[in-house]
file target33.txt (compact mmCIF, C-alpha atoms)
# COMPACT_ATOMS: atom_id res chain seq x y z
CA MET Y 1 66.07 -7.82 -35.68
CA THR Y 2 63.76 -4.99 -34.95
CA ALA Y 3 61.88 -5.21 -31.73
CA THR Y 4 58.41 -3.78 -31.61
CA LEU Y 5 57.47 -2.30 -28.30
CA THR Y 6 53.82 -1.99 -27.44
CA GLU Y 7 52.99 0.55 -24.85
CA ALA Y 8 50.44 -0.32 -22.29
CA PRO Y 9 47.34 1.80 -22.62
CA GLN Y 10 47.38 4.63 -20.16
CA ALA Y 11 44.52 4.97 -17.74
CA GLN Y 12 42.15 7.73 -18.67
CA PRO Y 13 41.95 10.51 -16.14
CA ALA Y 14 38.87 10.40 -13.98
CA VAL Y 15 36.19 12.80 -15.07
CA ASP Y 16 34.24 14.57 -12.39
CA ILE Y 17 30.59 14.55 -13.21
CA GLU Y 18 28.89 17.72 -12.15
CA VAL Y 19 25.76 16.97 -10.20
CA ALA Y 20 23.19 19.68 -10.47
CA ARG Y 21 22.58 21.38 -7.16
CA SER Y 22 19.02 21.87 -6.05
CA TRP Y 23 18.58 24.74 -3.63
CA ARG Y 24 14.84 24.29 -3.33
CA THR Y 25 14.86 22.40 -0.03
CA PRO Y 26 17.25 24.77 1.83
CA ILE Y 27 15.28 27.78 0.57
CA ILE Y 28 11.95 26.31 1.67
CA LEU Y 29 13.33 25.30 5.07
CA GLY Y 30 14.93 28.70 5.55
CA VAL Y 31 11.86 30.72 4.56
CA VAL Y 32 9.53 28.62 6.71
CA GLY Y 33 12.00 28.85 9.61
CA LEU Y 34 12.17 32.66 9.37
CA ILE Y 35 8.39 32.97 9.20
CA ALA Y 36 8.07 30.69 12.23
CA PHE Y 37 10.70 32.78 14.07
CA VAL Y 38 8.59 35.91 13.56
CA LEU Y 39 5.14 34.41 14.12
CA PHE Y 40 5.81 31.89 16.88
CA GLY Y 41 9.07 33.14 18.35
CA LEU Y 42 8.94 36.91 18.57
CA MET Y 43 5.13 37.04 18.86
CA THR Y 44 4.84 34.45 21.64
CA GLU Y 45 3.49 35.95 24.84
CA GLY Y 46 6.36 37.09 27.08
CA GLY Y 47 6.39 38.63 30.53
CA GLY Y 48 6.98 35.38 32.38
CA ALA Y 49 4.30 33.43 30.48
CA THR Y 50 4.83 29.67 30.51
CA THR Y 51 3.58 26.61 28.63
CA THR Y 52 2.91 23.29 30.33
CA PHE Y 53 3.23 19.91 28.59
CA VAL Y 54 1.54 16.86 30.15
CA LEU Y 55 2.82 13.42 29.12
CA SER Y 56 1.33 10.95 31.63
CA ARG Y 57 -2.17 9.68 32.30
CA PRO Y 58 -3.52 8.75 35.76
CA ASN Y 59 -3.47 4.97 35.12
CA ASP Y 60 0.08 4.77 33.69
CA LEU Y 61 2.63 2.43 35.25
CA PHE Y 62 4.64 5.42 36.44
CA THR Y 63 4.18 9.16 36.27
CA ILE Y 64 6.25 11.54 34.17
CA PRO Y 65 6.12 15.01 35.75
CA ALA Y 66 4.54 17.77 33.71
CA ILE Y 67 7.06 19.97 31.91
CA THR Y 68 6.69 23.75 32.23
CA VAL Y 69 8.89 25.98 30.05
CA PRO Y 70 9.23 29.75 29.57
CA ALA Y 71 7.12 30.35 26.51
CA GLN Y 72 8.89 33.06 24.50
CA ALA Y 73 12.46 31.94 25.17
CA THR Y 74 11.63 28.34 24.28
CA ALA Y 75 9.78 29.29 21.09
CA ILE Y 76 12.68 31.50 19.97
CA ALA Y 77 15.22 28.75 20.71
CA LEU Y 78 13.22 26.17 18.76
CA THR Y 79 12.77 28.38 15.70
CA VAL Y 80 16.49 29.28 15.77
CA ILE Y 81 17.26 25.54 15.73
CA ALA Y 82 15.01 25.21 12.66
CA ILE Y 83 16.84 28.05 10.89
CA ALA Y 84 20.19 26.47 11.79
CA LEU Y 85 19.03 23.17 10.29
CA ALA Y 86 18.14 25.03 7.10
CA GLY Y 87 21.74 26.26 7.09
CA VAL Y 88 22.98 22.68 7.47
CA SER Y 89 20.83 21.71 4.49
CA ALA Y 90 22.36 24.54 2.45
CA TRP Y 91 25.86 23.41 3.46
CA GLY Y 92 25.02 19.89 2.28
CA VAL Y 93 23.88 21.19 -1.11
CA GLN Y 94 26.93 23.42 -1.49
CA ASN Y 95 29.32 20.56 -0.73
CA ARG Y 96 27.22 17.90 -2.44
CA ARG Y 97 26.79 16.01 0.81
CA LYS Y 98 23.70 13.90 1.26
CA ILE Y 99 21.84 14.78 4.43
CA GLY Y 100 19.84 11.97 5.99
CA MET Y 101 16.21 11.95 7.01
CA TRP Y 102 17.22 13.05 10.49
CA LEU Y 103 17.35 16.68 9.36
CA PRO Y 104 13.74 17.11 8.16
CA THR Y 105 12.58 15.02 11.12
CA VAL Y 106 14.32 17.20 13.71
CA TYR Y 107 13.31 20.32 11.76
CA GLY Y 108 9.64 19.31 11.84
CA ILE Y 109 9.73 18.43 15.55
CA ALA Y 110 11.32 21.79 16.39
CA LEU Y 111 8.68 23.74 14.46
CA VAL Y 112 5.79 21.73 15.89
CA LEU Y 113 7.05 22.23 19.44
CA ALA Y 114 7.44 25.96 18.74
CA VAL Y 115 3.84 26.14 17.56
CA LEU Y 116 2.62 24.23 20.63
CA VAL Y 117 4.62 26.49 22.96
CA TRP Y 118 3.11 29.55 21.26
CA ALA Y 119 -0.43 28.11 21.44
CA GLY Y 120 -0.19 27.22 25.15
CA ALA Y 121 1.63 30.36 26.32
CA GLY Y 122 0.03 31.95 29.35
CA ARG Y 123 -2.90 29.53 29.50
CA THR Y 124 -2.73 28.48 33.13
CA ALA Y 125 -6.12 26.75 33.00
CA THR Y 126 -5.12 24.38 30.20
CA SER Y 127 -2.04 22.44 29.16
CA ILE Y 128 -0.72 20.69 26.06
CA GLN Y 129 -1.69 17.02 26.27
CA LEU Y 130 1.08 15.39 24.23
CA THR Y 131 -0.21 11.86 24.76
CA GLY Y 132 -3.68 12.85 23.57
CA LEU Y 133 -2.16 14.62 20.58
CA LEU Y 134 -0.28 11.46 19.56
CA ILE Y 135 -3.30 9.21 20.15
CA GLY Y 136 -5.32 11.47 17.89
CA THR Y 137 -2.57 11.28 15.27
CA VAL Y 138 -2.73 7.48 15.06
CA VAL Y 139 -6.53 7.35 15.11
CA LEU Y 140 -7.07 10.08 12.51
CA ALA Y 141 -4.36 8.62 10.27
CA THR Y 142 -6.06 5.20 10.17
CA PRO Y 143 -8.36 5.77 7.15
CA LEU Y 144 -5.53 7.56 5.34
CA VAL Y 145 -3.23 4.58 5.84
CA PHE Y 146 -5.80 2.13 4.45
CA GLY Y 147 -6.57 4.44 1.54
CA SER Y 148 -2.92 4.99 0.64
CA LEU Y 149 -2.24 1.23 0.87
CA ALA Y 150 -5.12 0.66 -1.55
CA GLY Y 151 -3.62 3.18 -3.96
CA THR Y 152 -0.20 1.57 -3.63
CA LEU Y 153 -1.53 -1.90 -4.41
CA CYS Y 154 -3.39 -0.68 -7.49
CA GLU Y 155 -0.75 1.65 -8.93
CA ARG Y 156 2.06 -0.85 -8.44
CA SER Y 157 0.16 -3.05 -10.88
CA GLY Y 158 -0.52 -0.20 -13.30
CA ILE Y 159 -4.05 0.90 -12.30
CA VAL Y 160 -4.59 4.47 -11.09
CA ASN Y 161 -7.10 4.30 -8.23
CA ILE Y 162 -8.79 7.69 -7.94
CA ALA Y 163 -11.84 5.89 -6.52
CA ILE Y 164 -10.37 5.61 -3.00
CA GLU Y 165 -12.83 8.21 -1.76
CA GLY Y 166 -15.75 6.14 -3.03
CA GLN Y 167 -14.30 2.93 -1.59
CA LEU Y 168 -13.93 4.53 1.84
CA LEU Y 169 -17.49 5.85 1.71
CA ALA Y 170 -18.91 2.52 0.53
CA GLY Y 171 -17.08 0.70 3.32
CA ALA Y 172 -18.39 3.15 5.91
CA PHE Y 173 -21.95 2.73 4.64
CA LEU Y 174 -22.01 -1.07 4.51
CA ALA Y 175 -20.24 -1.37 7.88
CA ALA Y 176 -22.90 0.81 9.53
CA LEU Y 177 -25.78 -0.94 7.76
CA VAL Y 178 -24.63 -4.48 8.58
CA ALA Y 179 -23.63 -3.55 12.14
CA GLY Y 180 -27.06 -2.04 12.74
CA ALA Y 181 -28.90 -5.02 11.26
CA VAL Y 182 -26.88 -7.63 13.18
CA SER Y 183 -27.04 -5.66 16.42
CA SER Y 184 -30.82 -5.27 16.15
CA SER Y 185 -31.34 -8.99 15.51
CA THR Y 186 -28.87 -10.31 18.11
CA GLY Y 187 -29.03 -7.60 20.74
CA SER Y 188 -25.23 -7.37 20.88
CA ASP Y 189 -23.69 -4.08 19.74
CA SER Y 190 -20.16 -5.43 20.04
CA PHE Y 191 -20.89 -8.44 17.84
CA GLY Y 192 -22.66 -6.22 15.33
CA ALA Y 193 -19.68 -3.89 15.16
CA TYR Y 194 -17.31 -6.76 14.39
CA VAL Y 195 -19.61 -8.13 11.68
CA GLY Y 196 -19.79 -4.63 10.21
CA LEU Y 197 -16.01 -4.53 10.20
CA VAL Y 198 -15.98 -7.76 8.18
CA ALA Y 199 -18.60 -6.40 5.74
CA ALA Y 200 -16.77 -3.13 5.00
CA PRO Y 201 -14.10 -4.66 2.68
CA ILE Y 202 -16.84 -6.23 0.57
CA ALA Y 203 -18.21 -2.80 -0.37
CA GLY Y 204 -14.74 -1.52 -1.23
CA ALA Y 205 -14.00 -4.63 -3.27
CA LEU Y 206 -17.18 -4.10 -5.31
CA VAL Y 207 -16.07 -0.58 -6.20
CA GLY Y 208 -12.62 -1.94 -7.04
CA ALA Y 209 -14.21 -4.59 -9.27
CA ALA Y 210 -16.12 -1.90 -11.17
CA LEU Y 211 -12.90 0.09 -11.62
CA SER Y 212 -11.03 -2.94 -12.93
CA LEU Y 213 -13.89 -3.86 -15.28
CA PHE Y 214 -13.87 -0.52 -17.07
CA ALA Y 215 -10.10 0.03 -16.90
CA VAL Y 216 -8.97 -3.46 -17.93
CA ARG Y 217 -11.83 -4.85 -19.98
CA TYR Y 218 -13.02 -1.73 -21.79
CA TRP Y 219 -9.81 0.36 -21.68
CA VAL Y 220 -11.56 3.45 -20.32
CA ASP Y 221 -9.28 6.15 -18.91
CA GLN Y 222 -8.66 5.12 -15.31
CA ILE Y 223 -8.74 8.62 -13.84
CA VAL Y 224 -12.10 9.36 -15.45
CA VAL Y 225 -13.54 6.05 -14.23
CA GLY Y 226 -12.29 6.72 -10.71
CA VAL Y 227 -13.93 10.15 -10.56
CA VAL Y 228 -17.20 8.76 -11.95
CA LEU Y 229 -17.20 5.95 -9.37
CA ASN Y 230 -16.69 8.46 -6.56
CA VAL Y 231 -19.74 10.41 -7.72
CA LEU Y 232 -21.73 7.19 -8.17
CA VAL Y 233 -20.97 5.97 -4.64
CA VAL Y 234 -21.89 9.37 -3.18
CA GLY Y 235 -25.22 9.23 -5.00
CA LEU Y 236 -26.01 5.63 -4.03
CA THR Y 237 -25.11 6.01 -0.35
CA SER Y 238 -27.04 9.30 -0.14
CA PHE Y 239 -30.09 7.61 -1.69
CA PHE Y 240 -30.03 4.63 0.66
CA PHE Y 241 -29.31 6.90 3.62
CA GLY Y 242 -32.36 9.01 2.82
CA THR Y 243 -34.64 6.03 2.25
CA LEU Y 244 -33.54 2.76 3.82
CA MET Y 245 -31.80 4.19 6.90
CA ARG Y 246 -34.28 7.00 7.52
CA GLU Y 247 -37.22 4.62 7.39
CA ASN Y 248 -35.41 2.03 9.54
CA PRO Y 249 -33.38 3.97 12.13
CA GLU Y 250 -32.32 0.76 13.85
CA LEU Y 251 -30.11 0.08 10.80
CA ASN Y 252 -28.05 3.21 11.41
CA ARG Y 253 -27.14 3.45 15.06
CA ALA Y 254 -23.96 4.64 16.76
CA ILE Y 255 -22.24 1.28 17.31
CA GLY Y 256 -18.52 1.22 18.08
CA LEU Y 257 -15.72 -1.31 18.34
CA PRO Y 258 -14.46 -1.74 21.91
CA ASP Y 259 -10.90 -0.79 22.79
CA LEU Y 260 -8.56 -3.75 23.29
CA PRO Y 261 -5.77 -2.61 25.62
CA ILE Y 262 -2.77 -4.94 25.70
CA PRO Y 263 -1.92 -5.75 29.33
CA VAL Y 264 1.09 -3.93 30.78
CA LEU Y 265 2.15 -2.46 27.41
CA SER Y 266 -0.89 -0.19 27.29
CA ARG Y 267 0.12 1.41 30.61
CA ILE Y 268 3.58 2.53 29.51
CA PRO Y 269 3.53 6.36 29.51
CA VAL Y 270 3.09 7.99 26.08
CA ILE Y 271 3.93 4.88 24.00
CA GLY Y 272 1.38 2.59 25.65
CA PRO Y 273 -1.82 4.59 25.05
CA VAL Y 274 -0.71 5.53 21.55
CA LEU Y 275 0.22 2.07 20.24
CA PHE Y 276 -1.26 -0.55 22.56
CA ASP Y 277 -4.65 0.82 23.66
CA GLN Y 278 -6.59 0.84 20.40
CA ASN Y 279 -9.44 -1.01 18.75
CA MET Y 280 -9.22 -3.92 16.33
CA LEU Y 281 -9.10 -1.74 13.21
CA VAL Y 282 -5.91 0.03 14.33
CA TYR Y 283 -4.22 -3.29 15.15
CA LEU Y 284 -5.25 -4.57 11.71
CA MET Y 285 -3.63 -1.48 10.22
CA TYR Y 286 -0.30 -2.34 11.88
CA ALA Y 287 -0.45 -5.91 10.57
CA ILE Y 288 -1.49 -4.99 7.02
CA VAL Y 289 1.29 -2.41 6.64
CA ILE Y 290 3.92 -4.96 7.73
CA VAL Y 291 2.52 -7.78 5.57
CA LEU Y 292 2.13 -5.65 2.43
CA ASN Y 293 5.59 -4.14 2.78
CA ILE Y 294 7.12 -7.62 2.98
CA MET Y 295 4.96 -9.07 0.23
CA LEU Y 296 5.52 -6.23 -2.25
CA PHE Y 297 9.31 -6.08 -1.93
CA LYS Y 298 10.38 -9.48 -0.58
CA SER Y 299 8.19 -12.03 -2.34
CA ARG Y 300 7.70 -13.46 -5.81
CA TRP Y 301 4.12 -12.18 -5.84
CA GLY Y 302 5.37 -8.64 -5.19
CA LEU Y 303 7.98 -8.93 -7.93
CA ARG Y 304 5.29 -9.97 -10.41
CA VAL Y 305 2.99 -7.11 -9.37
CA ARG Y 306 5.76 -4.54 -9.73
CA SER Y 307 6.84 -5.96 -13.09
CA VAL Y 308 3.26 -5.66 -14.38
CA GLY Y 309 3.21 -2.01 -13.32
CA GLU Y 310 6.62 -1.21 -14.81
CA HIS Y 311 6.88 -3.28 -17.99
CA PRO Y 312 3.77 -5.36 -18.74
CA LYS Y 313 5.06 -6.61 -22.08
CA ALA Y 314 8.15 -8.10 -20.46
CA ALA Y 315 6.01 -9.59 -17.69
CA ASP Y 316 3.71 -11.18 -20.28
CA THR Y 317 6.71 -12.61 -22.11
CA VAL Y 318 7.74 -14.63 -19.06
CA GLY Y 319 4.22 -15.96 -18.52
CA ILE Y 320 2.71 -13.47 -16.05
CA LYS Y 321 -0.99 -12.80 -16.67
CA VAL Y 322 -0.91 -9.01 -16.80
CA ASN Y 323 -4.61 -8.16 -16.89
CA ARG Y 324 -5.53 -10.85 -14.37
CA THR Y 325 -2.90 -9.49 -11.98
CA ARG Y 326 -4.26 -5.97 -12.42
CA VAL Y 327 -7.84 -7.06 -11.78
CA ARG Y 328 -6.92 -8.98 -8.65
CA ASN Y 329 -4.81 -6.15 -7.26
CA THR Y 330 -7.49 -3.56 -7.94
CA ILE Y 331 -10.13 -5.63 -6.14
CA LEU Y 332 -7.72 -6.28 -3.26
CA GLY Y 333 -6.90 -2.58 -3.07
CA GLY Y 334 -10.60 -1.75 -3.01
CA ALA Y 335 -11.13 -4.21 -0.14
CA VAL Y 336 -8.31 -2.59 1.84
CA ALA Y 337 -9.82 0.87 1.29
CA GLY Y 338 -13.27 -0.42 2.24
CA LEU Y 339 -11.85 -1.75 5.49
CA GLY Y 340 -10.48 1.73 6.16
CA GLY Y 341 -13.98 3.12 5.55
CA ALA Y 342 -15.16 1.25 8.66
CA PHE Y 343 -13.19 3.84 10.64
CA PHE Y 344 -15.86 6.47 10.02
CA THR Y 345 -18.67 4.38 11.49
CA VAL Y 346 -18.10 1.26 13.58
CA ALA Y 347 -14.51 2.07 14.59
CA SER Y 348 -15.43 5.59 15.73
CA GLY Y 349 -18.81 4.71 17.20
CA LEU Y 350 -20.70 7.00 14.80
CA ALA Y 351 -23.84 6.56 12.74
CA PHE Y 352 -23.50 6.89 8.97
CA ASN Y 353 -24.05 10.29 7.39
CA LYS Y 354 -23.92 11.55 3.82
CA GLU Y 355 -20.42 12.19 2.43
CA MET Y 356 -18.93 11.65 5.89
CA THR Y 357 -15.48 10.74 4.50
CA GLY Y 358 -14.92 14.43 3.77
CA GLY Y 359 -12.28 14.05 1.05
CA LYS Y 360 -10.03 11.73 3.02
CA GLY Y 361 -9.62 9.53 -0.06
CA TYR Y 362 -7.88 12.33 -1.91
CA ILE Y 363 -5.58 13.01 1.04
CA ALA Y 364 -4.79 9.28 1.01
CA LEU Y 365 -3.70 9.66 -2.62
CA ALA Y 366 -1.35 12.45 -1.56
CA ALA Y 367 0.00 10.22 1.23
CA MET Y 368 0.65 7.48 -1.33
CA ILE Y 369 2.65 9.88 -3.52
CA LEU Y 370 4.53 11.35 -0.57
CA GLY Y 371 5.29 7.79 0.58
CA ARG Y 372 6.66 6.96 -2.90
CA TRP Y 373 4.30 4.03 -3.52
CA SER Y 374 5.62 2.10 -0.52
CA PRO Y 375 3.51 0.77 2.40
CA LYS Y 376 5.90 2.02 5.07
CA GLY Y 377 6.27 5.35 3.29
CA ALA Y 378 2.49 5.64 3.01
CA LEU Y 379 2.22 4.97 6.76
CA ALA Y 380 4.69 7.75 7.56
CA ALA Y 381 2.96 10.22 5.24
CA ALA Y 382 -0.50 9.36 6.61
CA LEU Y 383 0.77 9.90 10.15
CA LEU Y 384 2.00 13.35 9.07
CA PHE Y 385 -1.46 14.29 7.80
CA GLY Y 386 -3.11 12.68 10.81
CA PHE Y 387 -0.91 14.78 13.07
CA ALA Y 388 -2.05 17.95 11.29
CA ASP Y 389 -5.67 16.93 11.89
CA SER Y 390 -4.99 16.08 15.53
CA LEU Y 391 -3.18 19.39 15.98
CA ARG Y 392 -6.29 21.18 14.75
CA GLU Y 393 -8.35 19.43 17.42
CA GLN Y 394 -5.77 20.21 20.10
CA PHE Y 395 -5.86 23.90 19.17
CA GLY Y 396 -9.63 23.84 19.43
CA ILE Y 397 -9.42 22.38 22.95
CA ILE Y 398 -6.87 24.80 24.40
CA GLY Y 399 -8.25 27.80 22.51
CA THR Y 400 -6.08 29.90 20.22
CA SER Y 401 -6.36 33.19 18.37
CA ILE Y 402 -6.39 31.32 15.06
CA PRO Y 403 -9.89 31.44 13.46
CA SER Y 404 -11.67 28.09 13.39
CA GLN Y 405 -11.92 28.24 9.59
CA PHE Y 406 -8.12 28.27 9.31
CA LEU Y 407 -7.86 25.40 11.78
CA ALA Y 408 -10.23 23.37 9.59
CA MET Y 409 -7.92 24.06 6.63
CA LEU Y 410 -4.82 22.80 8.45
CA PRO Y 411 -4.84 19.13 7.28
CA TYR Y 412 -5.39 20.17 3.66
CA LEU Y 413 -2.70 22.86 3.78
CA ALA Y 414 -0.30 20.27 5.20
CA THR Y 415 -1.19 17.99 2.28
CA ILE Y 416 -0.47 20.69 -0.31
CA PHE Y 417 2.83 21.79 1.24
CA ALA Y 418 4.01 18.21 1.77
CA VAL Y 419 3.34 17.11 -1.78
CA ALA Y 420 4.64 20.35 -3.33
CA GLY Y 421 7.71 20.83 -1.17
CA LEU Y 422 8.80 17.48 0.25
CA VAL Y 423 8.23 14.95 -2.51
CA GLY Y 424 10.68 16.38 -5.03
CA HIS Y 425 11.04 14.45 -8.26
CA VAL Y 426 9.35 11.06 -7.98
CA ARG Y 427 8.58 8.56 -10.69
CA PRO Y 428 5.35 6.59 -10.54
CA PRO Y 429 5.11 3.08 -12.00
CA ALA Y 430 5.84 3.46 -15.70
CA ALA Y 431 2.78 1.61 -17.04
CA GLU Y 432 0.08 3.13 -14.84
CA ASN Y 433 -3.03 4.36 -16.69
CA ILE Y 434 -1.87 2.49 -19.83
CA PRO Y 435 -4.19 -0.38 -20.82
CA TYR Y 436 -2.42 -3.57 -21.77
CA LYS Y 437 -3.71 -4.78 -25.11
CA LYS Y 438 -2.45 -8.12 -26.32

call {"tool": "encode", "arguments": {"input": "target33.txt", "output": "C-alpha cells"}}
result
Amino acid sequence: MTATLTEAPQAQPAVDIEVARSWRTPIILGVVGLIAFVLFGLMTEGGGATTTFVLSRPNDLFTIPAITVPAQATAIALTVIAIALAGVSAWGVQNRRKIGMWLPTVYGIALVLAVLVWAGAGRTATSIQLTGLLIGTVVLATPLVFGSLAGTLCERSGIVNIAIEGQLLAGAFLAALVAGAVSSSTGSDSFGAYVGLVAAPIAGALVGAALSLFAVRYWVDQIVVGVVLNVLVVGLTSFFFGTLMRENPELNRAIGLPDLPIPVLSRIPVIGPVLFDQNMLVYLMYAIVIVLNIMLFKSRWGLRVRSVGEHPKAADTVGIKVNRTRVRNTILGGAVAGLGGAFFTVASGLAFNKEMTGGKGYIALAAMILGRWSPKGALAAALLFGFADSLREQFGIIGTSIPSQFLAMLPYLATIFAVAGLVGHVRPPAAENIPYKK
C-alpha cells in the first residue's frame, strides 16, 4: 500500500507594506519655527525688557498674580521648543510613528506665546490680557462656528453651501429689523433683541430654501447658485438698508443681548469669563455643537444624512428619500447660519450696516474643511480663526510695530495657512454637488 502524504500549506511570509512618508508637515513646522526664532526670538527687545501677562479680573473668586518674564530669553526659549517639536515630527515620519494632536497643539501654543512676549516686550504701561484675548476668541469665533455647522449639515447630505455668507448677512439684517420694530413698539430693548434672535434663523432658512430649490429641483450647479445667492442677498439688504432703515431709523438701532453670567462659575479666573459669562447666542452655540455632533454620528437620522451624501443610490434603495433629505438639511443649515448672523447685530449690540459680515461666511467654509465636516472639528477650527482675529485686536490695544494693514490681514492669512498646511489630504462627501436624478 502506498501512503500519500499531504503537506500542510506553509504560511506565507509577512510582506511589509511600504507606507509613503510625507515630509511636508515637519518641513513646514521647521521653517515656521526658524522664522519665528529670528523674528520673535532674536529680534525681541533685550536689555532687561520684560513682558507682563495678566490672567485675573477684579471680580474673580481669587486672584492669580500677574506673570512677568524676561522678554528675549523667554521668546528664544519658546521658539527653540517649537523647532524641537518640528524635530520630533521629523523623527515620527522617519520611523513611521504616528504623532498625536498634542504636538501641533503645543507647537501652536509655544509660537503664540513667543509672539505675545515679543509684542509686549518693554511696554511697562500695558500688559497682555490673556483672559480678554480668550474672551475675544470665543466671541469672534461665534459666527464662524454657526457658519461652519451650516456647511457641515448641507455637505453631509450632498449639497455644497457656498451661500453661507448670504445666510449670515440675511440673519443679521432680519435680526436688526425685527429687534428695532419690536423694541420701538414695546419699549423694551432686551425683549426686542431676543425676538430678533428668534427671527434671524428665518432669514437664513429662506436663503437655504432658495439654494435647495435650484440645486435639487432644477439641478443647477450648487457652487454657482451659492455665489449668486450671496450677491442677491447683498443687493437686497443694501437696498432695504438704504430705503426702509434710512427712512425709519427706529428700525435699525444698536440693541444688544444682555450677558447672562452663570453664578459662581463665571467668577472662576480665566475659565469663568471665557465660558460662563456670555450672552444667549454663545450658550446656544455650545448646545448646538453638542447636539449636532451626537445627532450626525450617533443617531439613525445622522446615518441617513451621511448615506445620502456618500451614496444616494444605495440610500434610495433602502427607502431613504434622498432629495427630501437634502432639502430639509439645506433649509436647516440655512437656519443655523442665519442664527449666527444675529451675532453681527443683536448679539454685539450694533446697528445693521451694508455687507457687515465682511467675508466671514467664506472663512466659515474654510473652518468646515479644516474641521473635516465634523461639528466638533468645525468648532476647533473656528476657534483657531477667532483667536487670530482676537490677536489682531490685542495687538492694536498694546501697540506694535506691525502696520495696521497687516494686522487686518491676520485672520485671513491664518485661514490660508491652516487650510493649505494643516488639512492635508481630506475627502469630502462623495456625492456633494451631484444632483440625484431618479

call {"tool": "closest_residue", "arguments": {"input": "target33.txt", "among": "Y:Leu169, Y:Leu149, Y:Leu383, Y:Ala347", "to": "Gly256 of chain Y", "atoms": "all atoms listed in the file"}}
result
Y:Ala347

call {"tool": "closest_residue", "arguments": {"input": "target33.txt", "among": "Y:Ile162, Y:Leu265, Y:Ile83, Y:Ala203", "to": "Leu177 of chain Y", "atoms": "all atoms listed in the file"}}
result
Y:Ala203

call {"tool": "residues_around", "arguments": {"input": "target33.txt", "residues": "Ala215 of chain Y", "least_positions_apart": "3", "cutoff": "9 Å", "atoms": "all atoms listed in the file", "output": "list of chain:residue names"}}
result
Y:Ile159, Y:Ala210, Y:Leu211, Y:Ser212, Y:Tyr218, Y:Trp219, Y:Val220, Y:Asp221, Y:Gln222, Y:Val225, Y:Asn433, Y:Pro435

call {"tool": "atom_distance", "arguments": {"input": "target33.txt", "atom1": "atom CA of Tyr283 of chain Y", "atom2": "atom CA of Ala366 of chain Y"}}
result
23.1 Å

call {"tool": "closest_atom_pairs", "arguments": {"input": "target33.txt", "of": "segment 110-146 of chain Y", "to": "segment 387-392 of chain Y", "cutoff": "10 Å", "atoms": "all atoms listed in the file", "output": "JSON lines"}}
result
{"residue": "Y:Val112", "atom": "CA", "partner": "Y:Leu391", "partner_atom": "CA", "distance": 9.3}
{"residue": "Y:Val115", "atom": "CA", "partner": "Y:Leu391", "partner_atom": "CA", "distance": 9.9}
{"residue": "Y:Leu116", "atom": "CA", "partner": "Y:Leu391", "partner_atom": "CA", "distance": 8.9}
{"residue": "Y:Gly132", "atom": "CA", "partner": "Y:Ser390", "partner_atom": "CA", "distance": 8.8}
{"residue": "Y:Leu133", "atom": "CA", "partner": "Y:Ser390", "partner_atom": "CA", "distance": 6.0}
{"residue": "Y:Leu134", "atom": "CA", "partner": "Y:Phe387", "partner_atom": "CA", "distance": 7.3}
{"residue": "Y:Ile135", "atom": "CA", "partner": "Y:Ser390", "partner_atom": "CA", "distance": 8.4}
{"residue": "Y:Gly136", "atom": "CA", "partner": "Y:Ser390", "partner_atom": "CA", "distance": 5.2}
{"residue": "Y:Thr137", "atom": "CA", "partner": "Y:Phe387", "partner_atom": "CA", "distance": 4.5}
{"residue": "Y:Val138", "atom": "CA", "partner": "Y:Phe387", "partner_atom": "CA", "distance": 7.8}
{"residue": "Y:Val139", "atom": "CA", "partner": "Y:Ser390", "partner_atom": "CA", "distance": 8.9}
{"residue": "Y:Leu140", "atom": "CA", "partner": "Y:Asp389", "partner_atom": "CA", "distance": 7.0}
{"residue": "Y:Ala141", "atom": "CA", "partner": "Y:Phe387", "partner_atom": "CA", "distance": 7.6}

call {"tool": "residues_around", "arguments": {"input": "target33.txt", "residues": "segment 65-78 of chain Y", "least_positions_apart": "2", "cutoff": "10 Å", "atoms": "only C-alpha atoms", "output": "PyMOL selection string"}}
result
chain Y and resi 33+36-56+62-63+80-84+107+109-122+127-129

call {"tool": "residues_around", "arguments": {"input": "target33.txt", "residues": "Val178 of chain Y", "least_positions_apart": "5", "cutoff": "10 Å", "atoms": "all atoms listed in the file", "output": "list in words"}}
result
Phe173, Ser183, Ser184, Gly192, Ala193, Tyr194, Val195, Gly196, Leu197, Val198, Ala199, Ala200, Leu251 and Asn252 of chain Y

call {"tool": "residues_around", "arguments": {"input": "target33.txt", "residues": "Glu250 of chain Y", "least_positions_apart": "4", "cutoff": "8 Å", "atoms": "all atoms listed in the file", "output": "number ranges by chain"}}
result
Y: 180-181, 184, 245

call {"tool": "residues_near_point", "arguments": {"input": "target33.txt", "point": "(-22.5, 5.4, 1.8)", "cutoff": "7 Å", "atoms": "all atoms listed in the file", "output": "count of residues only"}}
result
10

call {"tool": "closest_residue", "arguments": {"input": "target33.txt", "among": "Y:Arg372, Y:Lys438, Y:Arg304, Y:Arg267", "to": "Leu61 of chain Y", "atoms": "only C-alpha atoms"}}
result
Y:Arg267

call {"tool": "residues_around", "arguments": {"input": "target33.txt", "residues": "Asn323 of chain Y", "least_positions_apart": "4", "cutoff": "9 Å", "atoms": "only C-alpha atoms", "output": "list in words"}}
result
Val216, Arg217, Val308, Val327, Arg328, Pro435, Tyr436 and Lys437 of chain Y

call {"tool": "closest_residue", "arguments": {"input": "target33.txt", "among": "Y:Pro375, Y:Leu130, Y:Thr186, Y:Thr345", "to": "Val291 of chain Y", "atoms": "all atoms listed in the file"}}
result
Y:Pro375

call {"tool": "closest_residue", "arguments": {"input": "target33.txt", "among": "Y:Ile255, Y:Leu153, Y:Ala364, Y:Val145", "to": "Leu296 of chain Y", "atoms": "only C-alpha atoms"}}
result
Y:Leu153

call {"tool": "decode", "arguments": {"input": "target33.txt", "residues": "segment 167-178 of chain Y", "atoms": "C-alpha atoms", "output": "CSV table (one decimal), in the first residue's frame"}}
result
chain,number,residue,atom,x,y,z
Y,167,GLN,CA,-27.3,83.5,5.1
Y,168,LEU,CA,-25.2,85.2,7.8
Y,169,LEU,CA,-25.9,88.6,6.2
Y,170,ALA,CA,-29.7,87.9,5.9
Y,171,GLY,CA,-29.8,86.8,9.5
Y,172,ALA,CA,-28.0,89.9,10.7
Y,173,PHE,CA,-30.4,92.1,8.7
Y,174,LEU,CA,-33.7,90.5,9.8
Y,175,ALA,CA,-32.5,90.3,13.4
Y,176,ALA,CA,-31.8,94.0,13.5
Y,177,LEU,CA,-35.0,94.9,11.7
Y,178,VAL,CA,-37.3,92.8,13.9
